[in-house]
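Trainee: Input file: target_20.txt. Contents: compact mmCIF, C-alpha atoms.
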# COMPACT_ATOMS: atom_id res chain seq x y z
CA MET E 1 103.89 -67.82 123.46
CA VAL E 2 104.84 -69.07 119.98
CA PHE E 3 107.42 -66.38 119.14
CA LYS E 4 108.88 -65.97 122.63
CA ARG E 5 112.60 -66.58 122.98
CA ARG E 6 113.57 -69.77 124.76
CA GLU E 7 116.52 -68.02 126.37
CA LYS E 8 116.02 -64.43 127.44
CA ARG E 9 118.73 -62.11 126.12
CA PRO E 10 120.77 -60.14 128.67
CA PHE E 11 119.80 -56.50 129.07
CA LEU E 12 123.21 -55.25 127.89
CA SER E 13 122.96 -57.38 124.75
CA THR E 14 119.50 -56.00 123.99
CA LEU E 15 120.73 -52.45 124.55
CA ARG E 16 123.77 -53.00 122.34
CA GLU E 17 121.73 -54.43 119.47
CA SER E 18 119.30 -51.52 119.69
CA VAL E 19 122.25 -49.24 118.89
CA TRP E 20 124.09 -51.58 116.52
CA PRO E 21 122.19 -54.65 115.24
CA ARG E 22 124.03 -57.95 115.19
CA SER E 23 123.68 -58.16 111.40
CA GLY E 24 124.76 -54.52 110.93
CA TRP E 25 122.81 -51.48 109.81
CA THR E 26 123.31 -52.30 106.11
CA ARG E 27 121.44 -55.58 106.40
CA ALA E 28 118.81 -53.93 108.58
CA PHE E 29 118.33 -51.27 105.88
CA HIS E 30 117.82 -53.93 103.19
CA TYR E 31 115.34 -55.73 105.44
CA VAL E 32 113.27 -52.56 105.86
CA LYS E 33 113.51 -51.85 102.12
CA HIS E 34 112.14 -55.30 101.22
CA ARG E 35 109.38 -55.01 103.81
CA VAL E 36 108.32 -51.65 102.32
CA ASN E 37 108.39 -53.02 98.76
CA ARG E 38 106.27 -56.04 99.71
CA LEU E 39 103.50 -54.05 101.37
CA PRO E 40 100.11 -54.88 99.77
CA ASP E 41 99.12 -51.38 98.77
CA GLN E 42 99.34 -48.94 95.87
CA PRO E 43 102.85 -47.55 95.23
CA HIS E 44 101.86 -43.92 95.73
CA ARG E 45 100.27 -44.69 99.11
CA ILE E 46 103.36 -46.59 100.26
CA ALA E 47 105.60 -43.73 99.08
CA ARG E 48 103.46 -41.25 101.03
CA GLY E 49 103.93 -43.41 104.10
CA VAL E 50 107.69 -43.30 103.54
CA PHE E 51 107.48 -39.50 103.37
CA ALA E 52 105.62 -39.41 106.69
CA GLY E 53 108.12 -41.65 108.48
CA VAL E 54 111.18 -39.78 107.20
CA PHE E 55 109.66 -36.41 108.03
CA ILE E 56 108.85 -37.44 111.60
CA SER E 57 112.44 -38.64 112.05
CA PHE E 58 113.45 -34.96 112.02
CA THR E 59 111.15 -34.05 114.91
CA PRO E 60 111.98 -34.18 118.65
CA PHE E 61 108.95 -36.37 119.49
CA PHE E 62 111.16 -39.15 120.83
CA GLY E 63 109.11 -42.06 122.12
CA PHE E 64 106.17 -40.98 119.96
CA HIS E 65 107.65 -41.28 116.46
CA PHE E 66 105.44 -44.27 115.62
CA LEU E 67 102.26 -42.47 116.70
CA THR E 68 103.14 -39.19 115.00
CA ALA E 69 104.29 -40.97 111.82
CA ALA E 70 100.98 -42.86 111.67
CA ALA E 71 99.08 -39.60 112.21
CA VAL E 72 100.96 -37.86 109.37
CA ALA E 73 100.41 -40.91 107.14
CA LEU E 74 96.67 -40.65 107.76
CA MET E 75 96.77 -36.93 106.95
CA VAL E 76 98.49 -37.48 103.59
CA ARG E 77 96.53 -40.70 102.89
CA GLY E 78 99.63 -42.84 103.00
CA ASN E 79 100.31 -46.38 104.15
CA ILE E 80 100.64 -46.49 107.94
CA ILE E 81 102.91 -49.56 108.03
CA ALA E 82 105.25 -47.87 105.54
CA SER E 83 105.39 -44.78 107.76
CA LEU E 84 106.35 -46.88 110.78
CA LEU E 85 109.08 -48.67 108.82
CA ALA E 86 110.37 -45.37 107.39
CA THR E 87 111.07 -44.01 110.87
CA PHE E 88 114.13 -46.29 110.56
CA PHE E 89 115.60 -43.25 108.76
CA GLY E 90 116.22 -41.91 112.25
CA ASN E 91 118.68 -44.30 113.89
CA PRO E 92 121.68 -44.03 116.22
CA ILE E 93 123.88 -43.21 113.22
CA THR E 94 121.75 -40.42 111.73
CA PHE E 95 120.17 -39.00 114.91
CA PRO E 96 123.28 -37.08 116.05
CA ILE E 97 123.55 -35.41 112.63
CA ILE E 98 119.81 -34.67 112.52
CA ALA E 99 119.70 -33.36 116.09
CA VAL E 100 122.74 -31.07 115.93
CA SER E 101 121.87 -29.62 112.52
CA SER E 102 118.19 -29.14 113.44
CA VAL E 103 118.96 -27.46 116.77
CA LYS E 104 121.54 -25.13 115.22
CA LEU E 105 119.22 -24.22 112.34
CA GLY E 106 116.30 -23.71 114.72
CA GLN E 107 118.33 -21.50 117.04
CA TRP E 108 119.42 -19.40 114.07
CA MET E 109 115.83 -19.13 112.78
CA LEU E 110 114.56 -18.13 116.24
CA GLY E 111 117.47 -15.79 116.93
CA ARG E 112 118.49 -17.70 120.05
CA THR E 113 122.01 -16.28 120.32
CA VAL E 114 123.68 -13.88 122.73
CA ASP E 115 126.78 -12.00 121.51
CA GLY E 116 127.26 -14.58 118.80
CA HIS E 117 127.18 -17.49 121.27
CA GLN E 118 124.51 -20.02 122.09
CA VAL E 119 122.37 -19.33 125.16
CA ASP E 120 123.82 -22.34 126.94
CA THR E 121 125.80 -25.44 126.13
CA LEU E 122 123.93 -28.54 125.11
CA GLY E 123 125.31 -30.62 127.98
CA GLU E 124 124.44 -28.11 130.69
CA THR E 125 120.91 -27.73 129.35
CA PHE E 126 120.32 -31.49 129.35
CA LEU E 127 121.74 -31.79 132.87
CA ALA E 128 119.46 -29.03 134.17
CA ALA E 129 116.41 -30.61 132.51
CA GLY E 130 117.33 -34.03 133.86
CA HIS E 131 117.73 -32.60 137.37
CA ASP E 132 114.28 -30.96 137.24
CA LEU E 133 112.66 -34.09 135.85
CA LYS E 134 114.14 -36.28 138.57
CA HIS E 135 113.29 -33.74 141.28
CA ASN E 136 109.69 -33.35 140.12
CA ILE E 137 109.13 -37.12 140.10
CA VAL E 138 110.27 -37.23 143.72
CA ALA E 139 108.21 -34.12 144.53
CA ALA E 140 105.07 -35.83 143.28
CA PHE E 141 105.27 -38.18 146.26
CA THR E 142 106.83 -35.80 148.84
CA PRO E 143 106.12 -32.30 150.16
CA ALA E 144 109.01 -30.89 148.06
CA GLN E 145 108.24 -28.06 145.63
CA THR E 146 108.47 -28.77 141.91
CA GLU E 147 111.12 -27.00 139.83
CA TRP E 148 110.62 -26.09 136.18
CA GLY E 149 113.52 -23.77 135.38
CA GLY E 150 115.74 -26.42 133.79
CA LEU E 151 112.89 -27.97 131.83
CA ALA E 152 111.75 -24.54 130.62
CA GLN E 153 115.28 -23.76 129.51
CA PHE E 154 115.50 -27.12 127.72
CA PHE E 155 112.21 -26.40 125.95
CA ASN E 156 113.27 -22.92 124.86
CA ASP E 157 116.90 -23.66 123.98
CA ILE E 158 116.75 -27.23 122.64
CA TRP E 159 113.28 -28.71 122.03
CA LEU E 160 111.63 -25.75 120.32
CA PRO E 161 114.67 -24.99 118.09
CA TYR E 162 114.85 -28.70 117.27
CA LEU E 163 111.19 -28.68 116.22
CA VAL E 164 111.49 -25.50 114.17
CA GLY E 165 114.87 -26.37 112.65
CA GLY E 166 113.89 -29.93 111.77
CA PHE E 167 110.70 -28.98 109.93
CA ILE E 168 112.25 -27.80 106.65
CA PRO E 169 114.96 -30.51 106.41
CA GLY E 170 112.32 -33.09 107.31
CA ILE E 171 110.00 -31.93 104.53
CA VAL E 172 112.86 -31.85 102.00
CA SER E 173 114.22 -35.27 103.01
CA GLY E 174 110.70 -36.74 103.05
CA LEU E 175 109.98 -35.47 99.54
CA ILE E 176 113.30 -36.78 98.24
CA CYS E 177 112.57 -40.22 99.71
CA TYR E 178 109.03 -40.07 98.29
CA TYR E 179 110.18 -39.40 94.72
CA VAL E 180 113.02 -41.93 95.00
CA SER E 181 110.91 -44.72 96.51
CA LEU E 182 107.84 -44.30 94.27
CA PRO E 183 109.39 -45.64 91.01
CA ILE E 184 111.33 -48.32 92.92
CA ILE E 185 108.18 -49.63 94.62
CA ASP E 186 106.21 -49.46 91.37
CA ALA E 187 108.89 -51.37 89.44
CA TYR E 188 109.21 -53.96 92.23
CA GLN E 189 105.47 -54.62 92.30
CA LYS E 190 105.33 -54.95 88.50
CA ARG E 191 108.21 -57.45 88.52
CA ARG E 192 106.57 -59.40 91.32
CA ARG E 193 103.22 -59.51 89.50
CA THR E 194 105.01 -60.72 86.37
CA ARG E 195 106.81 -63.48 88.30
CA LEU E 196 103.58 -64.56 90.00
CA LYS E 197 101.78 -64.61 86.63
CA GLU E 198 104.55 -66.70 85.07
CA ARG E 199 104.50 -69.10 88.02
CA LEU E 200 100.71 -69.43 87.78
CA GLU E 201 100.91 -70.11 84.04
CA LYS E 202 103.51 -72.83 84.66
CA ILE E 203 101.25 -74.45 87.25
CA ARG E 204 98.28 -74.29 84.89
CA ALA E 205 100.37 -75.76 82.05
CA LYS E 206 101.57 -78.58 84.31
CA LEU E 207 98.01 -79.36 85.41
CA ALA E 208 96.80 -79.32 81.81
CA HIS E 209 99.64 -81.66 80.80
CA LYS E 210 98.69 -84.08 83.58
CA ARG E 211 95.06 -84.02 82.47
CA GLU E 212 96.12 -84.83 78.89
CA GLU E 213 98.27 -87.70 80.14
CA ARG E 214 95.33 -89.13 82.08
CA LYS E 215 93.09 -88.91 79.01
CA GLU E 216 95.75 -90.58 76.87
CA ASN E 217 96.20 -93.35 79.41
CA ASN E 218 92.44 -93.91 79.58
CA ARG E 219 92.25 -94.23 75.77
CA GLN E 220 95.13 -96.71 75.67
CA GLU E 221 93.73 -99.01 78.39
CA PRO E 222 91.88 -102.01 76.80
CA PRO E 223 88.22 -102.38 77.77
CA THR E 224 87.54 -104.96 80.42
CA GLU E 225 85.57 -108.07 79.29
CA ASP E 226 82.69 -109.38 81.36
CA VAL E 227 83.15 -112.99 82.46
Could you quickly redo this structure as structure tokens?
Mentor:
Amino acid sequence: MVFKRREKRPFLSTLRESVWPRSGWTRAFHYVKHRVNRLPDQPHRIARGVFAGVFISFTPFFGFHFLTAAAVALMVRGNIIASLLATFFGNPITFPIIAVSSVKLGQWMLGRTVDGHQVDTLGETFLAAGHDLKHNIVAAFTPAQTEWGGLAQFFNDIWLPYLVGGFIPGIVSGLICYYVSLPIIDAYQKRRRTRLKERLEKIRAKLAHKREERKENNRQEPPTEDV
């Protein structure tokens, strides 16, 4: 393959760079920003795609953010590539803040409290769900009975509150990013069109100058005499 690495990176190195890129998150952010600005589409469609990607970053559809972001982009008639790039809003730095705030807000909206305390701790709920998931995978190939108590508790105490609590912040953050990115993308495309037009005019002027030089040289050359 043309773009395949000559030397395969170690698994730990790949895992580390997925959490913290070698060039840092600041450079990664600028890379995504330039990719969004350079997309060949109308500014309002690109901005709608950014809204879709940011909004989906606040949902618990982990592993399906690309698919759901593309679906939302289609619904709002936005740019699909922009929506995929905008899911970068959810990264290892922002996800803990998004997850904790969304779960807490969702639990409050759903009234999931008992005597002022949460139904269960986050760690215990994840452990119970992980135990059921592992057990059910084994049970699919053995006579063991499946268990759904931990997964049901995870759905009721974590996933559903996350979904409900992330909806409003996701909409608000998506709209903010839409209105911020729209004028930036529009200005970037106008500047780029201006630079391309100036470059094209320079090329045309250079070609015209060369044509004039050829004509001048042809006029200055003496006519050849027949022997």
Trainee: Rounded to one decimal place, report the CA of Ala99 in chain E-CA of Leu74 in chain E distance in Å.
Mentor: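 We find that CA of Ala99 in chain E and CA of Leu74 in chain E lie 25.6 Å from each other.
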Trainee: Got a sec: who's within 12 Å of Ile46 in chain E, counting all atoms listed in the file, leaving out chain neighbours fewer than 3 positions off, as a PyMOL selection string?
Mentor: chain E and resi 33+35-43+49-53+73-74+76-86+177-186+189
Trainee: Emit the selected residues as an mmCIF file, in the coordinates of the input, including C-alpha atoms.
Mentor:
data_model
loop_
_atom_site.group_PDB
_atom_site.id
_atom_site.type_symbol
_atom_site.label_atom_id
_atom_site.label_comp_id
_atom_site.auth_asym_id
_atom_site.auth_seq_id
_atom_site.Cartn_x
_atom_site.Cartn_y
_atom_site.Cartn_z
ATOM 1 C CA LYS E 33 113.510 -51.850 102.120
ATOM 2 C CA ARG E 35 109.380 -55.010 103.810
ATOM 3 C CA VAL E 36 108.320 -51.650 102.320
ATOM 4 C CA ASN E 37 108.390 -53.020 98.760
ATOM 5 C CA ARG E 38 106.270 -56.040 99.710
ATOM 6 C CA LEU E 39 103.500 -54.050 101.370
ATOM 7 C CA PRO E 40 100.110 -54.880 99.770
ATOM 8 C CA ASP E 41 99.120 -51.380 98.770
ATOM 9 C CA GLN E 42 99.340 -48.940 95.870
ATOM 10 C CA PRO E 43 102.850 -47.550 95.230
ATOM 11 C CA GLY E 49 103.930 -43.410 104.100
ATOM 12 C CA VAL E 50 107.690 -43.300 103.540
ATOM 13 C CA PHE E 51 107.480 -39.500 103.370
ATOM 14 C CA ALA E 52 105.620 -39.410 106.690
ATOM 15 C CA GLY E 53 108.120 -41.650 108.480
ATOM 16 C CA ALA E 73 100.410 -40.910 107.140
ATOM 17 C CA LEU E 74 96.670 -40.650 107.760
ATOM 18 C CA VAL E 76 98.490 -37.480 103.590
ATOM 19 C CA ARG E 77 96.530 -40.700 102.890
ATOM 20 C CA GLY E 78 99.630 -42.840 103.000
ATOM 21 C CA ASN E 79 100.310 -46.380 104.150
ATOM 22 C CA ILE E 80 100.640 -46.490 107.940
ATOM 23 C CA ILE E 81 102.910 -49.560 108.030
ATOM 24 C CA ALA E 82 105.250 -47.870 105.540
ATOM 25 C CA SER E 83 105.390 -44.780 107.760
ATOM 26 C CA LEU E 84 106.350 -46.880 110.780
ATOM 27 C CA LEU E 85 109.080 -48.670 108.820
ATOM 28 C CA ALA E 86 110.370 -45.370 107.390
ATOM 29 C CA CYS E 177 112.570 -40.220 99.710
ATOM 30 C CA TYR E 178 109.030 -40.070 98.290
ATOM 31 C CA TYR E 179 110.180 -39.400 94.720
ATOM 32 C CA VAL E 180 113.020 -41.930 95.000
ATOM 33 C CA SER E 181 110.910 -44.720 96.510
ATOM 34 C CA LEU E 182 107.840 -44.300 94.270
ATOM 35 C CA PRO E 183 109.390 -45.640 91.010
ATOM 36 C CA ILE E 184 111.330 -48.320 92.920
ATOM 37 C CA ILE E 185 108.180 -49.630 94.620
ATOM 38 C CA ASP E 186 106.210 -49.460 91.370
ATOM 39 C CA GLN E 189 105.470 -54.620 92.300
#
Trainee: Excluding range 156-161 of chain E and its own-chain neighbours fewer than 2 positions away, which residues fall within 7 Å of it when counting only C-alpha atoms? Please give them as a list of chain:residue names.
Mentor: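 Here the qualifying residues turn out to be E:Pro60, E:Val103, E:Gly106, E:Gln107, E:Ala152, E:Gln153, E:Phe154, E:Leu163, E:Val164, E:Gly165.
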Trainee: Have a look at CA of Gly90 in chain E and CA of Lys190 in chain E and let me know their distance in Å, one decimal.
Mentor: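 Between these atoms lies a distance of 29.2 Å.
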Trainee: Return as lines of an AutoDock Vina configuration file the centre and edge lengths, in Å with one decimal, of the box along x, y and z that encloses every atom of range 81-85 of chain E in the file, padded by 5 Å per side.
Mentor:
center_x = 106.0
center_y = -47.2
center_z = 108.2
size_x = 16.2
size_y = 14.8
size_z = 15.2
Trainee: For CA of Lys104 in chain E and CA of Ala47 in chain E, determine how far apart the two atoms are, in Å to one decimal place.
Mentor: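 We find that CA of Lys104 in chain E and CA of Ala47 in chain E lie 29.3 Å from each other.
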Trainee: I'd like to know which of E:Ser173, E:Thr87, E:Met109, E:Arg48 is closest to Phe66 in chain E, using only C-alpha atoms.
Mentor: E:Thr87
